[in-house]
Amino acid sequence: MANKKNIVAEINPEIRDALVEMGAVDAYKCYQCGKCASVCPWFQVGTYEFLVFRFPLETVLGLIASSEDKDELAREVDKIYRCVGCEACVDQCPLGVEMPHILRSARRILVDFGSYPENLKSVVQKIHNVGNPLGEPRENRGDWAKELLIGDYSENMEMLYFACCLPSYDNRIRNVARSTAGLLKRAGVSFGILGQKESCCGEAIRRVGAEKVFEETARSNIDGFKEANVKMALVSSPHCLVTFQKEYPDFGGEFKAVHATEFLWDCIERGKIVPKKSLKKKVVYHDPCTLGRQSGIYDPPRNILKSIPGLELLEVEDFSRNLSLCCGAGSGALWIDWPKGERMADIRVKQLVDTGAEVIAVACPYCLQMFEETVKAMNLDIEVKDISELLYESVNENQDG
Amino acid sequence: MKRIGVFICHCGRNISTKVDIEQLVKDISTHPGVEHCEDYKYLCSDPGQVMIKEKLREKKLDAIVVASCSPLLHEVTFRRAIQDAGLNPYLLEMANIREQCSWIHDDGKEATRKASGIIKATIEKVKYNDALEPAKIPVNTRALVLGGGIAGIQAALDIANSGYEVVLVEKSPSVGGHMAQLSETFPTLDCSQCILTPKMVDVSHHEKIKLYTYSEVEEVAGSVGNFRVKIRRKASFVDNNKCNGCADCDPACPVLMVNEFDSGLSQRKAIYRPFPQAVPNVYTIDKRGVPPCRTACPAGVNVQGYVALSSQGKFKEALALEREDNPFASVCGRVCTHPCESECKRAEFGDAVSIRAIKRFISDVEEQLPAHDKPEERKKKVAVVGAGPSGLSCAYFLAKRGYKAKVFEALPVAGGMLITGIPEFRLPRKMLEQDIDYIKSWGVEIVTGQRIEDPEKLRKSGFDAVYLSSGAHVERRLNVDGEDLQGVYYGIDFLRRANLEEKPAVGSRVTVVGGGNSAIDAARTALRLGAKEVTIVYRRSLTEMPADPDEIEEAMKEGIEIRFLATPISFVGSGGTLKEMKCIQMRLGAPDESGRRRPEPIPGSDFTIGVDTVVVTIGQSPDLSYLPAGTGIETSEWGSIVVDDTTKQTSIPGVFAGGDAVRGPDTVIWAIADGKEAAVSIDRYFNGADMYENRARTEPVKNIILPRTIKDNLRQEVRTLSAADRTGNFDEVNLGLTAEQTKIEALRCFACGGCTECGECEKACEQDAIVHGMEDELVEEEVGAVIVATGYELYPVEKIREYGAGRYEDVIDGLQFERLLSASGPTQGEIRRPSDNSIPKRIAFISCAGSRDPEHHLPYCSKICCMYNTKHALLYKERVPDGEAVVFSIDIRTAGKDYEEFFMRAKEGENVLYIRGKPSRVIKDGKDLIVWSTDTLTGRPLKVKCDMVVLSMAVVPSMETSDLAKKLRIQTNIHGFFNEAHPKLRPVESLVPGFFLAGCAQTPKDIPESVAQASAAASKALEMFSKKELTAEPMVVVIDEEMCSGCKMCVVTCPYEAREIDEEKNIVRINEALCMGCGCCVAACPSGASQQKNLVEKQISKMVEVILGE
């Protein structure tokens, strides 16, 4: 009996105050209705119990990461890193509780103590060392643009194209950068890139809890942009978009940012780009969490798809727009492997396939990577394409094949 | 110099914790004019007031400043106190150092400094205050009660039973409000109707109550004690004095509309009584406007009317109604291009109502021509040139007005293009004759085989007016080589010969050139005349083809091929006989003026088709050769007659024209419309009336009420002759709908316009109570007090996307469930789910749907939901004992007498399952609904499969509230609920004197509370009535006559209409009874002539001075 652990808790004001200090203020707001737990993607996964609404209560009681038992703490770390930052809970919360801020503050404590997943440690290190999460050489960042003869950004240009790390390095996803650049050229936009002078936007590692490395990366980008006198950045990843628009201003970043889908739809509306080539396919659009719920951009991607001749746009009836299901890659989850049966992408792809679509259209490099992997692993007969790729095919009538 | 006393209140700890009172007393004591300064813990208490009175007498004070809370709270208290002590109450001023100081500041030092400034400024003001005498206003002891729900009924009865008159205004046709919709009421479960209806009857029979139902307040003028109220009595189109509620009209009315009393779960007629126990027990006709189908019809046919009659199987009546506006029922039922269907609201949710097929059916079933009364004969005679649809229509509408109309036709048969241009397999001769016989039955004379050479001569030979409708029969040519070869026909000529039984010879390979209905007709005719292969060559693509898509489809079914994007460039023959047709391939270029893309030849794409016969059918133009040169009738460069768009009159007065002779080749319905309009003009011409008045096209009704769920999105399929049965004969291909199909199809109509004035109710009503021409009536009433009890509605289900947003039939709101529970409801009190009428075995009740959700919906608690969904669960268990009731909630709020016990009865007694958690989704899975939630207590994610979901939607103020608030000039909170004067001490009064509040218009509340508040509001009004006179605040505005220039700036600024111009002196005069002392005019007056008593410019500048000096 003497060795049995006492399970009666006490309120721990120190942990609570530290969490609130780091941004978990909304924890006090929550009235424990539990709606978050059933809008959470883990509810749809169904094999892992993730009771979102417990975090605010555990925060105000100061119970997060309070255990001295190693195994228990490890289970808690695993739980805290289950959140994929899709913000479905924020979208649906009657009180607007910023749940990701609550989790981020918990993660910051874990990162400060060095007790967070090894995979993520490595990602944080790579970004710190070479400015990208893949660990690829910094000097190769602009390689994708070489054959397209895209030069460095200079002051007199309209915009900087900030391609994001995956489209800069990943063999498959580079085609997104190429298509986007091709479209910008077609629209007669003067633009350039910053190549090795830019780093990852840092969105993911901030959500992982690595605040210091994020700040350092953000400041280096901001300084670089200031030096090059960047006034506007076009991004392919909605993750870069929210970071540039909502987070960089706190560190002195004062440039404008626009997502490729918004800008390209504007080009189509103005007649600067004309989708001509017919694409007789059934295409279903997947709303990326960060572009839809978090940035409110729902229609430009759809409008682009509808403007492509012959294309039939499908919707996932109950799970589109703000009710879209996450691919499972946000807030660092791209680099965490959960076992089969616990993957959101599998469920989302099934919803998308069930519409009868031949192509899944996305507008985020994370979603693209997650779905490509799932389609391959599940051996499905469906294509996954970024909207820029589909649009470029339709605009580029003379393209081979 | 006044001797001023200043009293500073601690307000318990409210002021003293922030403001250093001791310091303040020191500071104020030395301010010039202050004779005495003292503080106290609660000045408003009795000892506090006694202290003020004593000091006033002792120190001979003649002005008092009380520094404490807001004057809204205690000004009256302190004024009364100093009045008791013998001082004029208007020599008191309050300095608000609580709301405006201690409550809103953190820094005590600064708060003390601010308090000092506020008090000193108030001292400066009071120095210049005059002793004022309040004005006396006589009170009108009648009350106006707005809203006839339970709160309004209670208030009205309380006042009336005290012997005062009440005017009760209710917007709907019956009193009763939402309570009349309810089944049983919590926590006693007594039947809502049983306790309400006797009160409703009392209201209608009470000699002191004047009841205006179906009425709305338009304007309220005047002020407390003397209001003048304008009330709009909406036209109900039924004479309430004659209607005895016998309900005979109900089955007669064919128009089915959404029943709002059943919250959309059932349908009612356009003539209706909200529910059988309605008070007053009279019917109302729901007219919403002209439906889009009717405004779309060129001839303005009462489409919705005959569709509604058809839906009830009243085919004869339907046909009669159709013929009011168009004599060509059989013709239009077959070949009309049905613009009505294009505008049909149904088309937004699938197929438009198959209006043309319905029309055809009602004309098909006519066995013999109906008898009709002869119109009163008139002397004037009209000659009509051409017996096509336009001329015959004109003659018909003239004959109906009693004029003599004689139609002259050059051909040996009447019918014009209908008989020569449209083949029998689309429009059988017999059916055309039915329409023409009907026209003749009105006395129209038709002379065939007589070509008119000069219309002017007709006038000279005794006709008083002429209508020219000679059509368009001149064929357009291709202008290519070989067009004169034997074997080349023109469409209209070809069709005329075929139709008039000349049977033109066709070879085995026939090509028709063109893309209109005539081209399709020619191709199908050629096939029936023995051609083996028939091809249509059209220069544009299918999307641009003007022919009716149904006809194109039928042609293709018959084996006719269509070659798109090609046009002939020459015809080649040998020995004068056609052999080949040379064509060129086309492509579509930029859009032309018609909006269609212009076809352009592709160079070098020539090809040849072997043909025996070609029929060129590319259009016609009018033949005006019969108009001799110099007639003076203006014609256009396209060879058509020019008329005035509205009147159809040509350049010669008394000569009118219409149809294809004016338009060029156009549709039947436009030809009919022209004839109809011309008849109107000719009638006005004869009577010397204004030719243009009231002839603008009406706009379609905007506020279309759609059914809750829209089903049956596909139209009834029309039967057709099989392709095999069509060869070698001209039998009609389209066989139309069956009677049963016609009724089903007609029931698909949304009844956009409401009542169609079909006249069925008039026939049924023995009391002659129907008055279609009734207009809204404005009445004026004078009252002294107004009780506002305008009630609530539910936040719409459509706003909650995650619960299905109104897309799922079996997701309903609380009031709808009440209707399912109610014995007078759509299921007579049996619990049946709307989608399939089955008994739901598990129902989920979701609380807080829209309430307590500041992020997406409404932040407040709607208060009644916890209790009513507990009641719902209980009653459901009572009706369906083996059913399971699952209630999802965040909290259960049962504050009320016997409420907790009621909740426990549901839990314990009936085993209602309460889950603590807010569901995130309702998802449809086949017939089931799945509720996604979490049970937050066990921490288990849940998917609950159920048959029906009842959402406890938030309570919101009724839709009219914001408008009404503006009319009454009383305040609402940001959610639109009326604001009370004080949340605790004056809960039933509005801030504006004379207005009292009751029921859910103030905030969500249940029946006991509504009734209590209504009685309280009534007693407040009665309190007012018990005085003979009211005293009005004397702080009104006075005009310095010397300074006023009569510029009227203040007149327009005054919100209370309290001022008028003295024309003689050219200055402004104030009506002191109306002036509320708001001060708007003071700010607006450029010269400073407008000054408010005890708030004159000098006082303001002194106050500012002292504050800036601090």
# chains A, B, ... in the order shown; residues from 1 in each chain; ligands from 1

call {"tool": "interface_residues", "arguments": {"of": "chain B", "to": "chain A", "cutoff": "10 Å", "atoms": "only C-alpha atoms", "output": "ChimeraX atom specification"}}
result
/B:801-802,804,850-859,888-891,916-924,931-937,939-943

call {"tool": "write_last_selection", "arguments": {"atoms": "C-alpha atoms", "output": "short mmCIF file (atom, residue, chain, number, x, y, z; two decimals), in the first residue's frame"}}
result
data_model
loop_
_atom_site.label_atom_id
_atom_site.label_comp_id
_atom_site.auth_asym_id
_atom_site.auth_seq_id
_atom_site.Cartn_x
_atom_site.Cartn_y
_atom_site.Cartn_z
CA ARG B 801 -24.86 24.20 -40.81
CA GLU B 802 -23.42 21.46 -38.61
CA GLY B 804 -28.00 19.99 -41.29
CA GLY B 850 -27.94 28.92 -31.28
CA SER B 851 -28.01 30.01 -27.65
CA ARG B 852 -24.89 30.45 -25.51
CA ASP B 853 -22.75 30.59 -28.63
CA PRO B 854 -21.33 34.11 -28.90
CA GLU B 855 -18.88 33.06 -31.61
CA HIS B 856 -21.43 31.93 -34.19
CA HIS B 857 -24.90 32.74 -33.01
CA LEU B 858 -26.24 34.33 -29.81
CA PRO B 859 -24.47 34.73 -26.49
CA PHE B 888 -27.95 16.64 -25.03
CA SER B 889 -27.16 19.66 -22.92
CA ILE B 890 -24.36 21.70 -21.45
CA ASP B 891 -26.23 22.49 -18.25
CA ARG B 916 -23.76 16.27 -20.85
CA GLY B 917 -22.14 17.45 -24.04
CA LYS B 918 -22.84 19.72 -26.97
CA PRO B 919 -23.18 17.75 -30.21
CA SER B 920 -20.96 18.85 -33.06
CA ARG B 921 -22.75 17.29 -36.02
CA VAL B 922 -25.97 15.73 -37.20
CA ILE B 923 -25.21 13.55 -40.17
CA LYS B 924 -27.71 11.70 -42.30
CA VAL B 931 -25.57 12.73 -33.69
CA TRP B 932 -21.87 13.21 -33.02
CA SER B 933 -21.05 14.24 -29.50
CA THR B 934 -19.03 13.53 -26.43
CA ASP B 935 -20.29 12.59 -23.04
CA THR B 936 -18.05 14.95 -21.16
CA LEU B 937 -18.66 13.23 -17.84
CA GLY B 939 -15.15 11.27 -21.40
CA ARG B 940 -16.51 8.98 -24.11
CA PRO B 941 -16.88 10.13 -27.69
CA LEU B 942 -20.36 9.17 -28.87
CA LYS B 943 -22.20 8.57 -32.10
#

call {"tool": "residues_around", "arguments": {"residues": "range 398-414 of chain B", "least_positions_apart": "3", "cutoff": "7 Å", "atoms": "only C-alpha atoms", "output": "ChimeraX atom specification"}}
result
/B:375-388,394-395,442-451,679

call {"tool": "write_last_selection", "arguments": {"atoms": "N, CA and C atoms", "output": "CSV table (one decimal), in the first residue's frame"}}
result
chain,number,residue,atom,x,y,z
B,375,PRO,N,-72.0,39.1,-73.5
B,375,PRO,CA,-71.7,40.5,-72.9
B,375,PRO,C,-72.7,41.5,-73.5
B,376,GLU,N,-72.8,42.6,-72.9
B,376,GLU,CA,-73.7,43.7,-73.3
B,376,GLU,C,-73.2,44.2,-74.7
B,377,GLU,N,-74.1,44.2,-75.6
B,377,GLU,CA,-73.7,44.5,-77.0
B,377,GLU,C,-73.3,46.0,-77.1
B,378,ARG,N,-72.3,46.3,-77.9
B,378,ARG,CA,-71.9,47.7,-78.1
B,378,ARG,C,-72.0,47.9,-79.6
B,379,LYS,N,-72.1,49.2,-80.0
B,379,LYS,CA,-72.3,49.5,-81.4
B,379,LYS,C,-71.1,49.4,-82.3
B,380,LYS,N,-69.9,49.8,-81.7
B,380,LYS,CA,-68.7,49.9,-82.6
B,380,LYS,C,-68.3,48.6,-83.2
B,381,LYS,N,-67.8,48.7,-84.4
B,381,LYS,CA,-67.3,47.5,-85.2
B,381,LYS,C,-65.8,47.6,-85.5
B,382,VAL,N,-65.2,46.4,-85.4
B,382,VAL,CA,-63.8,46.4,-85.7
B,382,VAL,C,-63.5,45.4,-86.8
B,383,ALA,N,-62.6,45.7,-87.7
B,383,ALA,CA,-62.2,44.8,-88.8
B,383,ALA,C,-60.8,44.3,-88.4
B,384,VAL,N,-60.6,43.0,-88.5
B,384,VAL,CA,-59.3,42.4,-88.2
B,384,VAL,C,-58.8,41.7,-89.5
B,385,VAL,N,-57.6,42.1,-89.9
B,385,VAL,CA,-57.0,41.5,-91.1
B,385,VAL,C,-56.1,40.4,-90.8
B,386,GLY,N,-56.5,39.2,-91.1
B,386,GLY,CA,-55.6,38.0,-90.9
B,386,GLY,C,-56.2,37.2,-89.7
B,387,ALA,N,-56.5,35.9,-90.0
B,387,ALA,CA,-57.1,35.1,-89.0
B,387,ALA,C,-56.1,34.1,-88.3
B,388,GLY,N,-54.9,34.7,-88.1
B,388,GLY,CA,-53.9,34.0,-87.3
B,388,GLY,C,-54.2,34.2,-85.8
B,394,CYS,N,-57.3,39.2,-80.8
B,394,CYS,CA,-57.8,40.5,-80.8
B,394,CYS,C,-59.4,40.5,-80.9
B,395,ALA,N,-59.9,39.8,-81.9
B,395,ALA,CA,-61.3,39.7,-82.1
B,395,ALA,C,-62.0,39.1,-80.9
B,442,TRP,N,-68.2,33.4,-79.1
B,442,TRP,CA,-68.4,34.8,-78.5
B,442,TRP,C,-68.9,35.7,-79.5
B,443,GLY,N,-69.2,35.2,-80.7
B,443,GLY,CA,-69.8,36.1,-81.7
B,443,GLY,C,-68.8,36.6,-82.7
B,444,VAL,N,-67.6,36.2,-82.7
B,444,VAL,CA,-66.6,36.6,-83.7
B,444,VAL,C,-66.9,36.0,-85.1
B,445,GLU,N,-66.9,36.9,-86.1
B,445,GLU,CA,-67.2,36.5,-87.4
B,445,GLU,C,-65.9,36.3,-88.2
B,446,ILE,N,-65.8,35.2,-88.9
B,446,ILE,CA,-64.5,35.0,-89.7
B,446,ILE,C,-64.9,34.8,-91.2
B,447,VAL,N,-64.3,35.6,-92.0
B,447,VAL,CA,-64.5,35.5,-93.5
B,447,VAL,C,-63.3,35.0,-94.1
B,448,THR,N,-63.3,33.7,-94.7
B,448,THR,CA,-62.0,33.2,-95.3
B,448,THR,C,-62.0,33.5,-96.8
B,449,GLY,N,-60.9,33.4,-97.4
B,449,GLY,CA,-60.7,33.5,-98.8
B,449,GLY,C,-60.9,35.0,-99.3
B,450,GLN,N,-60.8,35.9,-98.4
B,450,GLN,CA,-61.0,37.3,-98.8
B,450,GLN,C,-59.8,38.1,-98.4
B,451,ARG,N,-59.0,38.5,-99.5
B,451,ARG,CA,-57.8,39.3,-99.2
B,451,ARG,C,-58.2,40.8,-99.2
B,679,ALA,N,-56.7,44.9,-78.2
B,679,ALA,CA,-58.2,45.0,-77.9
B,679,ALA,C,-58.4,45.9,-76.7

call {"tool": "residues_around", "arguments": {"residues": "Glu254 in chain A", "least_positions_apart": "3", "cutoff": "12 Å", "atoms": "only C-alpha atoms", "output": "PyMOL selection string"}}
result
chain A and resi 219+221-223+225-226+229-233+243-251+257

call {"tool": "write_last_selection", "arguments": {"atoms": "C-alpha atoms", "output": "mmCIF file, in the first residue's frame"}}
result
data_model
loop_
_atom_site.group_PDB
_atom_site.id
_atom_site.type_symbol
_atom_site.label_atom_id
_atom_site.label_comp_id
_atom_site.auth_asym_id
_atom_site.auth_seq_id
_atom_site.Cartn_x
_atom_site.Cartn_y
_atom_site.Cartn_z
ATOM 1 C CA ARG A 219 13.748 37.307 -37.831
ATOM 2 C CA ASN A 221 13.490 35.945 -43.048
ATOM 3 C CA ILE A 222 12.180 39.333 -42.055
ATOM 4 C CA ASP A 223 15.661 40.843 -42.221
ATOM 5 C CA PHE A 225 12.964 40.450 -46.969
ATOM 6 C CA LYS A 226 13.644 43.928 -45.660
ATOM 7 C CA ASN A 229 12.768 45.365 -50.076
ATOM 8 C CA VAL A 230 10.024 42.770 -50.486
ATOM 9 C CA LYS A 231 6.590 44.368 -50.478
ATOM 10 C CA MET A 232 4.528 41.375 -51.452
ATOM 11 C CA ALA A 233 5.107 37.644 -51.213
ATOM 12 C CA THR A 243 2.639 32.934 -40.566
ATOM 13 C CA PHE A 244 3.457 35.899 -42.813
ATOM 14 C CA GLN A 245 0.067 37.536 -42.356
ATOM 15 C CA LYS A 246 -0.669 36.926 -38.710
ATOM 16 C CA GLU A 247 2.606 36.170 -36.955
ATOM 17 C CA TYR A 248 5.471 37.982 -38.675
ATOM 18 C CA PRO A 249 4.007 41.449 -37.977
ATOM 19 C CA ASP A 250 4.730 40.805 -34.269
ATOM 20 C CA PHE A 251 8.412 40.585 -35.198
ATOM 21 C CA ALA A 257 1.333 38.007 -48.420
#

call {"tool": "closest_residue", "arguments": {"among": "A:Ser295, A:Asn6, A:Thr290, A:Asn156", "to": "His239 in chain A", "atoms": "only C-alpha atoms"}}
result
A:Thr290

call {"tool": "select_by_dssp", "arguments": {"residues": "range 131-203 of chain A", "states": "helix (DSSP H, G or I)", "output": "list in words"}}
result
Arg138, Glu139, Asn140, Asp143, Trp144, Ala145, Lys146, Cys165, Leu166, Pro167, Ser168, Tyr169, Arg174, Asn175, Val176, Ala177, Arg178, Ser179, Thr180, Ala181, Gly182, Leu183, Leu184, Lys185, Arg186, Gly195, Gln196, Lys197 and Glu203 of chain A

call {"tool": "write_last_selection", "arguments": {"atoms": "C-alpha atoms", "output": "PDB file, in the first residue's frame"}}
result
ATOM      1  CA  ARG A 138      20.577  25.643 -47.956  1.00  0.00           C
ATOM      2  CA  GLU A 139      22.305  26.487 -51.254  1.00  0.00           C
ATOM      3  CA  ASN A 140      20.048  24.112 -53.221  1.00  0.00           C
ATOM      4  CA  ASP A 143      17.528  24.806 -57.727  1.00  0.00           C
ATOM      5  CA  TRP A 144      13.980  24.089 -58.897  1.00  0.00           C
ATOM      6  CA  ALA A 145      13.867  27.499 -60.568  1.00  0.00           C
ATOM      7  CA  LYS A 146      17.103  27.235 -62.516  1.00  0.00           C
ATOM      8  CA  CYS A 165      10.265  24.131 -48.344  1.00  0.00           C
ATOM      9  CA  LEU A 166       8.439  21.116 -49.808  1.00  0.00           C
ATOM     10  CA  PRO A 167       7.943  22.630 -53.282  1.00  0.00           C
ATOM     11  CA  SER A 168      11.544  23.790 -53.200  1.00  0.00           C
ATOM     12  CA  TYR A 169      13.113  20.423 -52.442  1.00  0.00           C
ATOM     13  CA  ARG A 174       8.590  20.759 -57.005  1.00  0.00           C
ATOM     14  CA  ASN A 175       6.063  20.600 -59.813  1.00  0.00           C
ATOM     15  CA  VAL A 176       3.824  22.876 -57.744  1.00  0.00           C
ATOM     16  CA  ALA A 177       6.541  25.540 -57.675  1.00  0.00           C
ATOM     17  CA  ARG A 178       7.196  25.086 -61.382  1.00  0.00           C
ATOM     18  CA  SER A 179       3.509  25.290 -62.315  1.00  0.00           C
ATOM     19  CA  THR A 180       2.941  28.330 -60.138  1.00  0.00           C
ATOM     20  CA  ALA A 181       5.980  30.079 -61.607  1.00  0.00           C
ATOM     21  CA  GLY A 182       4.814  29.126 -65.101  1.00  0.00           C
ATOM     22  CA  LEU A 183       1.422  30.636 -64.425  1.00  0.00           C
ATOM     23  CA  LEU A 184       2.918  33.830 -63.036  1.00  0.00           C
ATOM     24  CA  LYS A 185       4.992  34.149 -66.196  1.00  0.00           C
ATOM     25  CA  ARG A 186       1.896  33.530 -68.286  1.00  0.00           C
ATOM     26  CA  GLY A 195      16.799  31.081 -52.970  1.00  0.00           C
ATOM     27  CA  GLN A 196      19.325  30.437 -50.255  1.00  0.00           C
ATOM     28  CA  LYS A 197      18.662  33.804 -48.690  1.00  0.00           C
ATOM     29  CA  GLU A 203       5.056  27.829 -38.894  1.00  0.00           C
TER      30      GLU A 203
END

call {"tool": "select_by_dssp", "arguments": {"residues": "range 151-283 of chain A", "states": "strand (DSSP E)", "output": "number ranges by chain"}}
result
A: 159-162, 191-192, 232-235, 256-259, 282-283

call {"tool": "write_last_selection", "arguments": {"atoms": "N, CA and C atoms", "output": "mmCIF file, in the first residue's frame"}}
result
data_model
loop_
_atom_site.group_PDB
_atom_site.id
_atom_site.type_symbol
_atom_site.label_atom_id
_atom_site.label_comp_id
_atom_site.auth_asym_id
_atom_site.auth_seq_id
_atom_site.Cartn_x
_atom_site.Cartn_y
_atom_site.Cartn_z
ATOM 1 N N MET A 159 6.554 41.056 -57.141
ATOM 2 C CA MET A 159 6.426 40.192 -55.960
ATOM 3 C C MET A 159 7.541 39.174 -55.853
ATOM 4 N N LEU A 160 7.637 38.704 -54.607
ATOM 5 C CA LEU A 160 8.530 37.585 -54.328
ATOM 6 C C LEU A 160 7.683 36.326 -54.386
ATOM 7 N N TYR A 161 8.178 35.278 -55.069
ATOM 8 C CA TYR A 161 7.482 33.992 -54.964
ATOM 9 C C TYR A 161 8.208 33.174 -53.910
ATOM 10 N N PHE A 162 7.504 32.918 -52.806
ATOM 11 C CA PHE A 162 8.062 32.151 -51.698
ATOM 12 C C PHE A 162 7.449 30.762 -51.780
ATOM 13 N N PHE A 191 8.416 38.681 -61.173
ATOM 14 C CA PHE A 191 8.657 38.116 -59.836
ATOM 15 C C PHE A 191 10.022 37.457 -59.798
ATOM 16 N N GLY A 192 10.496 37.213 -58.580
ATOM 17 C CA GLY A 192 11.757 36.505 -58.413
ATOM 18 C C GLY A 192 11.711 35.708 -57.127
ATOM 19 N N MET A 232 5.614 42.351 -51.328
ATOM 20 C CA MET A 232 4.528 41.375 -51.452
ATOM 21 C C MET A 232 5.134 40.005 -51.728
ATOM 22 N N ALA A 233 4.638 39.011 -50.992
ATOM 23 C CA ALA A 233 5.107 37.644 -51.213
ATOM 24 C C ALA A 233 3.932 36.773 -51.614
ATOM 25 N N LEU A 234 4.104 36.019 -52.704
ATOM 26 C CA LEU A 234 3.089 35.053 -53.106
ATOM 27 C C LEU A 234 3.537 33.689 -52.597
ATOM 28 N N VAL A 235 2.629 32.989 -51.915
ATOM 29 C CA VAL A 235 3.018 31.719 -51.323
ATOM 30 C C VAL A 235 2.183 30.569 -51.857
ATOM 31 N N LYS A 256 3.197 42.338 -47.480
ATOM 32 C CA LYS A 256 1.910 41.675 -47.731
ATOM 33 C C LYS A 256 2.152 40.247 -48.191
ATOM 34 N N ALA A 257 1.208 39.374 -47.910
ATOM 35 C CA ALA A 257 1.333 38.007 -48.420
ATOM 36 C C ALA A 257 0.009 37.599 -49.055
ATOM 37 N N VAL A 258 0.120 36.821 -50.127
ATOM 38 C CA VAL A 258 -1.093 36.384 -50.809
ATOM 39 C C VAL A 258 -0.923 34.920 -51.211
ATOM 40 N N HIS A 259 -2.003 34.157 -51.067
ATOM 41 C CA HIS A 259 -1.906 32.749 -51.466
ATOM 42 C C HIS A 259 -2.079 32.619 -52.976
ATOM 43 N N LYS A 282 -13.551 14.419 -63.294
ATOM 44 C CA LYS A 282 -14.281 14.745 -62.062
ATOM 45 C C LYS A 282 -13.239 15.041 -61.000
ATOM 46 N N VAL A 283 -13.300 16.262 -60.486
ATOM 47 C CA VAL A 283 -12.292 16.679 -59.523
ATOM 48 C C VAL A 283 -12.972 17.044 -58.216
#
